[in-house]
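Asks: One structure coming up, written as structure tokens, with questions to follow.
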Amino acid sequence: MTLRWSIRVNNDAPGTSYPALACCVEAAGFDQLWVSHDLFWRSALVLIPSMLAQTQRVAIGIGIANPYTIHPAELAMVAATLDELSNGRFRLGLGAGAAEFLQWVGIAQEKPLAAVRRAVTQIRRVLAGEPVPGWDAAACLRFPARPVPIYLGGFGPRMLQLAGELADGALPLLLPPERYADVAATVAEGAARAGRSLDDLDLAACVWCSVAEDRKAAEAALREKFAYYGPAFDAATLARVGLTPEDLLPAQHALVAGDRERALRLVPSAVLDLALVGRPPELIPRLEQLVALGARHLSFGPPLGPDPVAAVTLLGRTVLPHFAQH
């Protein structure tokens with residue numbers, strides 16, 4: 001059995017740190033590296049070229065962009081250009097974005113499923129040199145392009161079904177990881193409607209992971225991420241550990257106010273069960289459960305740990321070899 005491995009990182013670190021991180025991911029044996037494009041942090045569109053320039057094998061993608069803040073025509077240009085620069089190593093992650101974050105800039109997330117479906121179709125037509133319905137005849141690339149793999153990210157069942165129907169891959173966030181069986185079944189429903197199967201796309205089992213030799217340090221890094229993003233999670237996800245989005249608002253408010261230590265204390269401990277946290281050997285049992293459920297692509301995402309480079313190295317040294325022996 002051959003597994004695929006990937007790392008996902010937020011766009012919240014100093015911009016100069018990303019090329020070295022990409023080199024570390026490649027050296028550790030991972031197949032893919034995904035960089036988020038969350039509003040008001042560093043632009044993944046700027047970070048990714050510097051990472052591609054310092055690596056030679058690993059595929060690097062934006063995870064994820066949305067058609068509300070970046071027009072599909074611009075996304076097609078980005079995909080074609082980065083594909084050209086990287087000799088086919090760029091991956092385009094696409095989704096509807098977080099409604100809460102879009103509201104910050106006065107954008108209403110109207111008809112997200114239709115918006116993503118339309119964007120995928122438009123981007124593929126542009127890359128193929130085909131006319132886009134509703135666009136002017138002049139709306140075409142002025143240079144040759146190739147198809148670029150498009151991955152869809154999302155929580156809801158309809159977005160997961162859409163991924164199965166038309167995407168090259170899917171990046172569903174599994175909170176907790178054991179959700180994989182339900183998510184895979186939902187993606188498979190969409191694939192079946194389009195005459196496809198799960199084997200026709202790269203379904204990543206995207207988990208939140210915080211790993212370090214010091215478990216307390218790993219937990220602290222994880223708590224900070226839950227403080228920032230937790231209130232944006234859907235209610236059904238948090239209900240799995242007996243919480244609501246409102247339960248995480250006090251921690252978010254403290255973090256935004258600059259009181260990190262108070263924010264960490266206010267994060268309910270139960271929420272940590274939604275992710276993988278601890279020393280590398282402590283992660284392996286739940287990862288083995290994922291593989292037993294059928295996962296063939298294991299993807300580790302934020303916060304990874306107090307030191308992302310050290311976390312990637314630990315995973316590459318401990319976890320990947322463990323599964324290579326099976």
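Chain labels run A, B, ... following the order of the structure tokens; each chain numbers its residues from 1, and ligands are numbered from 1 in the order shown.
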DSSP on the backbone: what in stretch 122-186 of chain A comes out strand (DSSP E), as an MDAnalysis selection string?
Replies: chainID A and resid 150:152 169:170
Asks: Would you output that residue set with C-alpha atoms, as a compact mmCIF listing (two decimals), in the first residue's frame?
Replies:
```txt
# COMPACT_ATOMS: atom_id res chain seq x y z
CA ILE A 150 -8.05 21.68 -8.79
CA TYR A 151 -8.77 20.59 -5.22
CA LEU A 152 -11.93 21.62 -3.37
CA GLY A 169 -8.84 16.30 -5.36
CA ALA A 170 -10.47 17.25 -2.08
```
Asks: If we count only C-alpha atoms and set the cut-off at 10 Å, which residues sit around stretch 260-277 of chain A, ignoring sequence neighbours fewer than 3 positions away in its own chain? Please answer as a PDB file with N, CA and C atoms, in the first residue's frame.
Replies:
```pdb
ATOM      1  N   LEU A 174     -10.869  17.344   8.689  1.00  0.00           N
ATOM      2  CA  LEU A 174     -11.471  16.294   9.512  1.00  0.00           C
ATOM      3  C   LEU A 174     -11.303  16.639  10.985  1.00  0.00           C
ATOM      4  N   LEU A 175     -12.344  17.136  11.566  1.00  0.00           N
ATOM      5  CA  LEU A 175     -12.359  17.456  12.993  1.00  0.00           C
ATOM      6  C   LEU A 175     -13.542  16.724  13.625  1.00  0.00           C
ATOM      7  N   PRO A 176     -13.304  15.571  14.262  1.00  0.00           N
ATOM      8  CA  PRO A 176     -12.034  14.889  14.501  1.00  0.00           C
ATOM      9  C   PRO A 176     -11.595  14.062  13.292  1.00  0.00           C
ATOM     10  N   PRO A 177     -10.377  13.494  13.326  1.00  0.00           N
ATOM     11  CA  PRO A 177      -9.893  12.696  12.199  1.00  0.00           C
ATOM     12  C   PRO A 177     -10.799  11.535  11.834  1.00  0.00           C
ATOM     13  N   GLU A 178     -11.464  10.960  12.833  1.00  0.00           N
ATOM     14  CA  GLU A 178     -12.303   9.786  12.593  1.00  0.00           C
ATOM     15  C   GLU A 178     -13.530  10.086  11.735  1.00  0.00           C
ATOM     16  N   ARG A 179     -13.742  11.366  11.396  1.00  0.00           N
ATOM     17  CA  ARG A 179     -14.818  11.715  10.468  1.00  0.00           C
ATOM     18  C   ARG A 179     -14.556  11.202   9.063  1.00  0.00           C
ATOM     19  N   VAL A 207      -6.039  16.618   8.721  1.00  0.00           N
ATOM     20  CA  VAL A 207      -6.191  16.699  10.175  1.00  0.00           C
ATOM     21  C   VAL A 207      -5.420  17.899  10.700  1.00  0.00           C
ATOM     22  N   TRP A 208      -5.907  18.419  11.832  1.00  0.00           N
ATOM     23  CA  TRP A 208      -5.116  19.389  12.567  1.00  0.00           C
ATOM     24  C   TRP A 208      -4.161  18.615  13.456  1.00  0.00           C
ATOM     25  N   CYS A 209      -2.915  19.055  13.470  1.00  0.00           N
ATOM     26  CA  CYS A 209      -1.878  18.314  14.181  1.00  0.00           C
ATOM     27  C   CYS A 209      -0.932  19.298  14.853  1.00  0.00           C
ATOM     28  N   SER A 210      -0.593  19.016  16.106  1.00  0.00           N
ATOM     29  CA  SER A 210       0.434  19.790  16.795  1.00  0.00           C
ATOM     30  C   SER A 210       1.383  18.800  17.445  1.00  0.00           C
ATOM     31  N   VAL A 211       2.598  18.783  16.960  1.00  0.00           N
ATOM     32  CA  VAL A 211       3.559  17.778  17.411  1.00  0.00           C
ATOM     33  C   VAL A 211       4.846  18.449  17.876  1.00  0.00           C
ATOM     34  N   ALA A 212       5.373  17.926  18.971  1.00  0.00           N
ATOM     35  CA  ALA A 212       6.642  18.408  19.532  1.00  0.00           C
ATOM     36  C   ALA A 212       7.122  17.365  20.533  1.00  0.00           C
ATOM     37  N   ARG A 215       5.021  17.806  25.100  1.00  0.00           N
ATOM     38  CA  ARG A 215       3.585  17.756  24.862  1.00  0.00           C
ATOM     39  C   ARG A 215       2.895  19.066  25.257  1.00  0.00           C
ATOM     40  N   LYS A 216       3.308  19.681  26.361  1.00  0.00           N
ATOM     41  CA  LYS A 216       2.664  20.921  26.791  1.00  0.00           C
ATOM     42  C   LYS A 216       2.852  22.019  25.749  1.00  0.00           C
ATOM     43  N   ALA A 217       4.021  22.071  25.148  1.00  0.00           N
ATOM     44  CA  ALA A 217       4.264  23.069  24.104  1.00  0.00           C
ATOM     45  C   ALA A 217       3.392  22.791  22.883  1.00  0.00           C
ATOM     46  N   ALA A 218       3.220  21.518  22.562  1.00  0.00           N
ATOM     47  CA  ALA A 218       2.359  21.146  21.431  1.00  0.00           C
ATOM     48  C   ALA A 218       0.914  21.547  21.707  1.00  0.00           C
ATOM     49  N   GLU A 219       0.450  21.326  22.946  1.00  0.00           N
ATOM     50  CA  GLU A 219      -0.922  21.692  23.301  1.00  0.00           C
ATOM     51  C   GLU A 219      -1.122  23.208  23.246  1.00  0.00           C
ATOM     52  N   ALA A 220      -0.140  23.958  23.680  1.00  0.00           N
ATOM     53  CA  ALA A 220      -0.265  25.420  23.668  1.00  0.00           C
ATOM     54  C   ALA A 220      -0.415  25.942  22.251  1.00  0.00           C
ATOM     55  N   ALA A 221       0.354  25.398  21.338  1.00  0.00           N
ATOM     56  CA  ALA A 221       0.252  25.822  19.932  1.00  0.00           C
ATOM     57  C   ALA A 221      -1.122  25.503  19.365  1.00  0.00           C
ATOM     58  N   LEU A 222      -1.657  24.344  19.747  1.00  0.00           N
ATOM     59  CA  LEU A 222      -2.977  23.950  19.266  1.00  0.00           C
ATOM     60  C   LEU A 222      -4.066  24.836  19.847  1.00  0.00           C
ATOM     61  N   ARG A 223      -3.952  25.151  21.122  1.00  0.00           N
ATOM     62  CA  ARG A 223      -4.938  26.022  21.765  1.00  0.00           C
ATOM     63  C   ARG A 223      -5.004  27.387  21.081  1.00  0.00           C
ATOM     64  N   GLU A 224      -3.871  27.908  20.673  1.00  0.00           N
ATOM     65  CA  GLU A 224      -3.865  29.216  20.030  1.00  0.00           C
ATOM     66  C   GLU A 224      -4.641  29.185  18.715  1.00  0.00           C
ATOM     67  N   LYS A 225      -4.502  28.109  17.959  1.00  0.00           N
ATOM     68  CA  LYS A 225      -5.235  27.998  16.695  1.00  0.00           C
ATOM     69  C   LYS A 225      -6.725  27.869  16.935  1.00  0.00           C
ATOM     70  N   PHE A 226      -7.108  27.095  17.949  1.00  0.00           N
ATOM     71  CA  PHE A 226      -8.533  26.966  18.250  1.00  0.00           C
ATOM     72  C   PHE A 226      -9.098  28.291  18.753  1.00  0.00           C
ATOM     73  N   ALA A 227      -8.295  29.073  19.458  1.00  0.00           N
ATOM     74  CA  ALA A 227      -8.764  30.377  19.926  1.00  0.00           C
ATOM     75  C   ALA A 227      -9.074  31.292  18.755  1.00  0.00           C
ATOM     76  N   TYR A 228      -8.244  31.240  17.721  1.00  0.00           N
ATOM     77  CA  TYR A 228      -8.426  32.141  16.579  1.00  0.00           C
ATOM     78  C   TYR A 228      -9.527  31.663  15.637  1.00  0.00           C
ATOM     79  N   GLY A 230     -11.633  28.771  16.073  1.00  0.00           N
ATOM     80  CA  GLY A 230     -12.724  27.971  16.630  1.00  0.00           C
ATOM     81  C   GLY A 230     -14.119  28.519  16.430  1.00  0.00           C
ATOM     82  N   THR A 237     -19.541  20.357  13.982  1.00  0.00           N
ATOM     83  CA  THR A 237     -18.179  19.913  14.301  1.00  0.00           C
ATOM     84  C   THR A 237     -17.908  20.054  15.793  1.00  0.00           C
ATOM     85  N   LEU A 238     -18.205  21.213  16.345  1.00  0.00           N
ATOM     86  CA  LEU A 238     -17.931  21.443  17.758  1.00  0.00           C
ATOM     87  C   LEU A 238     -18.850  20.619  18.652  1.00  0.00           C
ATOM     88  N   ALA A 239     -20.043  20.312  18.164  1.00  0.00           N
ATOM     89  CA  ALA A 239     -20.971  19.496  18.951  1.00  0.00           C
ATOM     90  C   ALA A 239     -20.422  18.099  19.205  1.00  0.00           C
ATOM     91  N   ARG A 240     -19.502  17.659  18.371  1.00  0.00           N
ATOM     92  CA  ARG A 240     -18.909  16.326  18.553  1.00  0.00           C
ATOM     93  C   ARG A 240     -18.137  16.227  19.866  1.00  0.00           C
ATOM     94  N   VAL A 241     -17.712  17.372  20.389  1.00  0.00           N
ATOM     95  CA  VAL A 241     -17.017  17.372  21.681  1.00  0.00           C
ATOM     96  C   VAL A 241     -17.792  18.186  22.707  1.00  0.00           C
ATOM     97  N   GLY A 242     -19.095  18.346  22.465  1.00  0.00           N
ATOM     98  CA  GLY A 242     -19.966  19.000  23.435  1.00  0.00           C
ATOM     99  C   GLY A 242     -19.827  20.498  23.537  1.00  0.00           C
ATOM    100  N   LEU A 243     -19.393  21.159  22.465  1.00  0.00           N
ATOM    101  CA  LEU A 243     -19.191  22.602  22.488  1.00  0.00           C
ATOM    102  C   LEU A 243     -20.007  23.296  21.404  1.00  0.00           C
ATOM    103  N   ASP A 247     -18.814  28.994  22.686  1.00  0.00           N
ATOM    104  CA  ASP A 247     -17.923  28.593  23.770  1.00  0.00           C
ATOM    105  C   ASP A 247     -16.484  29.028  23.524  1.00  0.00           C
ATOM    106  N   LEU A 248     -16.146  29.280  22.262  1.00  0.00           N
ATOM    107  CA  LEU A 248     -14.778  29.657  21.922  1.00  0.00           C
ATOM    108  C   LEU A 248     -14.617  31.146  21.699  1.00  0.00           C
ATOM    109  N   LEU A 249     -15.707  31.896  21.755  1.00  0.00           N
ATOM    110  CA  LEU A 249     -15.618  33.338  21.547  1.00  0.00           C
ATOM    111  C   LEU A 249     -14.778  34.057  22.607  1.00  0.00           C
ATOM    112  N   PRO A 250     -14.902  33.715  23.900  1.00  0.00           N
ATOM    113  CA  PRO A 250     -14.064  34.401  24.889  1.00  0.00           C
ATOM    114  C   PRO A 250     -12.572  34.256  24.612  1.00  0.00           C
ATOM    115  N   ALA A 251     -12.162  33.077  24.183  1.00  0.00           N
ATOM    116  CA  ALA A 251     -10.748  32.864  23.866  1.00  0.00           C
ATOM    117  C   ALA A 251     -10.338  33.703  22.659  1.00  0.00           C
ATOM    118  N   GLN A 252     -11.205  33.762  21.646  1.00  0.00           N
ATOM    119  CA  GLN A 252     -10.885  34.569  20.464  1.00  0.00           C
ATOM    120  C   GLN A 252     -10.775  36.040  20.817  1.00  0.00           C
ATOM    121  N   HIS A 253     -11.688  36.532  21.636  1.00  0.00           N
ATOM    122  CA  HIS A 253     -11.654  37.937  22.024  1.00  0.00           C
ATOM    123  C   HIS A 253     -10.365  38.269  22.790  1.00  0.00           C
ATOM    124  N   ALA A 254      -9.952  37.366  23.669  1.00  0.00           N
ATOM    125  CA  ALA A 254      -8.714  37.595  24.425  1.00  0.00           C
ATOM    126  C   ALA A 254      -7.504  37.596  23.497  1.00  0.00           C
ATOM    127  N   LEU A 255      -7.514  36.687  22.514  1.00  0.00           N
ATOM    128  CA  LEU A 255      -6.382  36.615  21.589  1.00  0.00           C
ATOM    129  C   LEU A 255      -6.299  37.869  20.731  1.00  0.00           C
ATOM    130  N   VAL A 256      -7.438  38.310  20.216  1.00  0.00           N
ATOM    131  CA  VAL A 256      -7.467  39.516  19.389  1.00  0.00           C
ATOM    132  C   VAL A 256      -7.032  40.732  20.207  1.00  0.00           C
ATOM    133  N   ALA A 257      -7.342  40.720  21.498  1.00  0.00           N
ATOM    134  CA  ALA A 257      -6.962  41.831  22.375  1.00  0.00           C
ATOM    135  C   ALA A 257      -5.484  41.784  22.754  1.00  0.00           C
ATOM    136  N   PRO A 280       5.440  12.484  18.512  1.00  0.00           N
ATOM    137  CA  PRO A 280       5.128  11.717  17.299  1.00  0.00           C
ATOM    138  C   PRO A 280       4.542  10.323  17.543  1.00  0.00           C
ATOM    139  N   GLU A 282       2.677   9.309  19.818  1.00  0.00           N
ATOM    140  CA  GLU A 282       1.315   9.410  20.319  1.00  0.00           C
ATOM    141  C   GLU A 282       0.303   9.630  19.191  1.00  0.00           C
ATOM    142  N   LEU A 283       0.751  10.083  18.040  1.00  0.00           N
ATOM    143  CA  LEU A 283      -0.135  10.337  16.915  1.00  0.00           C
ATOM    144  C   LEU A 283      -0.443   9.075  16.116  1.00  0.00           C
ATOM    145  N   ILE A 284       0.446   8.114  16.167  1.00  0.00           N
ATOM    146  CA  ILE A 284       0.367   6.973  15.261  1.00  0.00           C
ATOM    147  C   ILE A 284      -0.908   6.147  15.410  1.00  0.00           C
ATOM    148  N   ARG A 286      -4.042   6.920  16.094  1.00  0.00           N
ATOM    149  CA  ARG A 286      -5.184   7.522  15.393  1.00  0.00           C
ATOM    150  C   ARG A 286      -4.935   7.596  13.893  1.00  0.00           C
ATOM    151  N   LEU A 287      -3.701   7.748  13.489  1.00  0.00           N
ATOM    152  CA  LEU A 287      -3.386   7.718  12.063  1.00  0.00           C
ATOM    153  C   LEU A 287      -3.605   6.323  11.491  1.00  0.00           C
ATOM    154  N   PHE A 300      -1.203  16.758   7.214  1.00  0.00           N
ATOM    155  CA  PHE A 300      -1.032  17.364   8.536  1.00  0.00           C
ATOM    156  C   PHE A 300      -1.080  18.882   8.412  1.00  0.00           C
ATOM    157  N   GLY A 301      -1.970  19.496   9.218  1.00  0.00           N
ATOM    158  CA  GLY A 301      -2.138  20.930   9.110  1.00  0.00           C
ATOM    159  C   GLY A 301      -1.976  21.664  10.415  1.00  0.00           C
ATOM    160  N   PRO A 302      -2.171  22.971  10.344  1.00  0.00           N
ATOM    161  CA  PRO A 302      -1.892  23.882  11.460  1.00  0.00           C
ATOM    162  C   PRO A 302      -2.509  23.414  12.771  1.00  0.00           C
ATOM    163  N   PRO A 303      -1.758  23.662  13.832  1.00  0.00           N
ATOM    164  CA  PRO A 303      -0.553  24.490  13.888  1.00  0.00           C
ATOM    165  C   PRO A 303       0.748  23.738  13.663  1.00  0.00           C
ATOM    166  N   LEU A 304       0.689  22.400  13.534  1.00  0.00           N
ATOM    167  CA  LEU A 304       1.849  21.515  13.403  1.00  0.00           C
ATOM    168  C   LEU A 304       2.671  21.466  14.679  1.00  0.00           C
ATOM    169  N   GLY A 305       2.865  22.611  15.334  1.00  0.00           N
ATOM    170  CA  GLY A 305       3.614  22.613  16.584  1.00  0.00           C
ATOM    171  C   GLY A 305       4.202  23.980  16.846  1.00  0.00           C
TER     172      GLY A 305
END
```
Asks: Within 12 Å of stretch 78-101 of chain A, which residues of stretch 157-228 of chain A come that close, and what is the closest atom pair and distance in Å for each? Count only C-alpha atoms and give it as a tab-separated table.
Replies:
```
residue	atom	partner	partner_atom	distance
A:Arg158	CA	A:Ala96	CA	11.9
A:Met159	CA	A:Gly95	CA	8.4
A:Leu160	CA	A:Gly95	CA	10.4
A:Leu162	CA	A:Gly95	CA	10.6
A:Ala163	CA	A:Gly95	CA	9.8
A:Ala167	CA	A:Leu94	CA	9.6
A:Asp168	CA	A:Arg91	CA	9.8
A:Gly169	CA	A:Gly93	CA	8.7
A:Ala170	CA	A:Gly93	CA	8.4
A:Leu171	CA	A:Gly93	CA	7.9
A:Pro172	CA	A:Gly95	CA	10.3
A:Asp202	CA	A:Arg91	CA	11.7
A:Ala204	CA	A:Gly93	CA	11.9
A:Tyr228	CA	A:Phe101	CA	11.7
```
Asks: Between atom CA of A:His297 and atom CA of A:Ile7, measure the distance and give it in Å to one decimal.
Replies: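 Rounded to one decimal, the two atoms are 10.8 Å apart.
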Asks: Measuring between only C-alpha atoms, which one of A:Ala145, A:Leu298, A:Gly195, A:Met77 shows the shortest distance to A:Gly129?
Replies: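 Going through A:Ala145, A:Leu298, A:Gly195, A:Met77 one by one, the smallest distance to A:Gly129 is for A:Ala145.
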Asks: Hey, what's within 8 Å of A:Asp31 if we count only C-alpha atoms and toss same-chain stuff fewer than 3 positions away? As a list in words, please?
Replies: Arg4, Trp5, Ser6, Glu26, Arg57, Val58 and Ala59 of chain A
Asks: Using only C-alpha atoms, which residue out of A:Glu288, A:Arg279, A:Arg42, A:Gly15 lies closest to A:Phe323?
Replies: A:Glu288
Asks: Just the number, please: distance in Å from atom CA of A:Ala295 to atom CA of A:Leu198, one decimal.
Replies: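 Distance between the two atoms: 10.7 Å.
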Asks: What gap, in Å, lies between atom CA of A:Tyr229 and atom CA of A:Ala44?
Replies: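 Computed distance, atom CA of A:Tyr229 to atom CA of A:Ala44, equals 18.3 Å.
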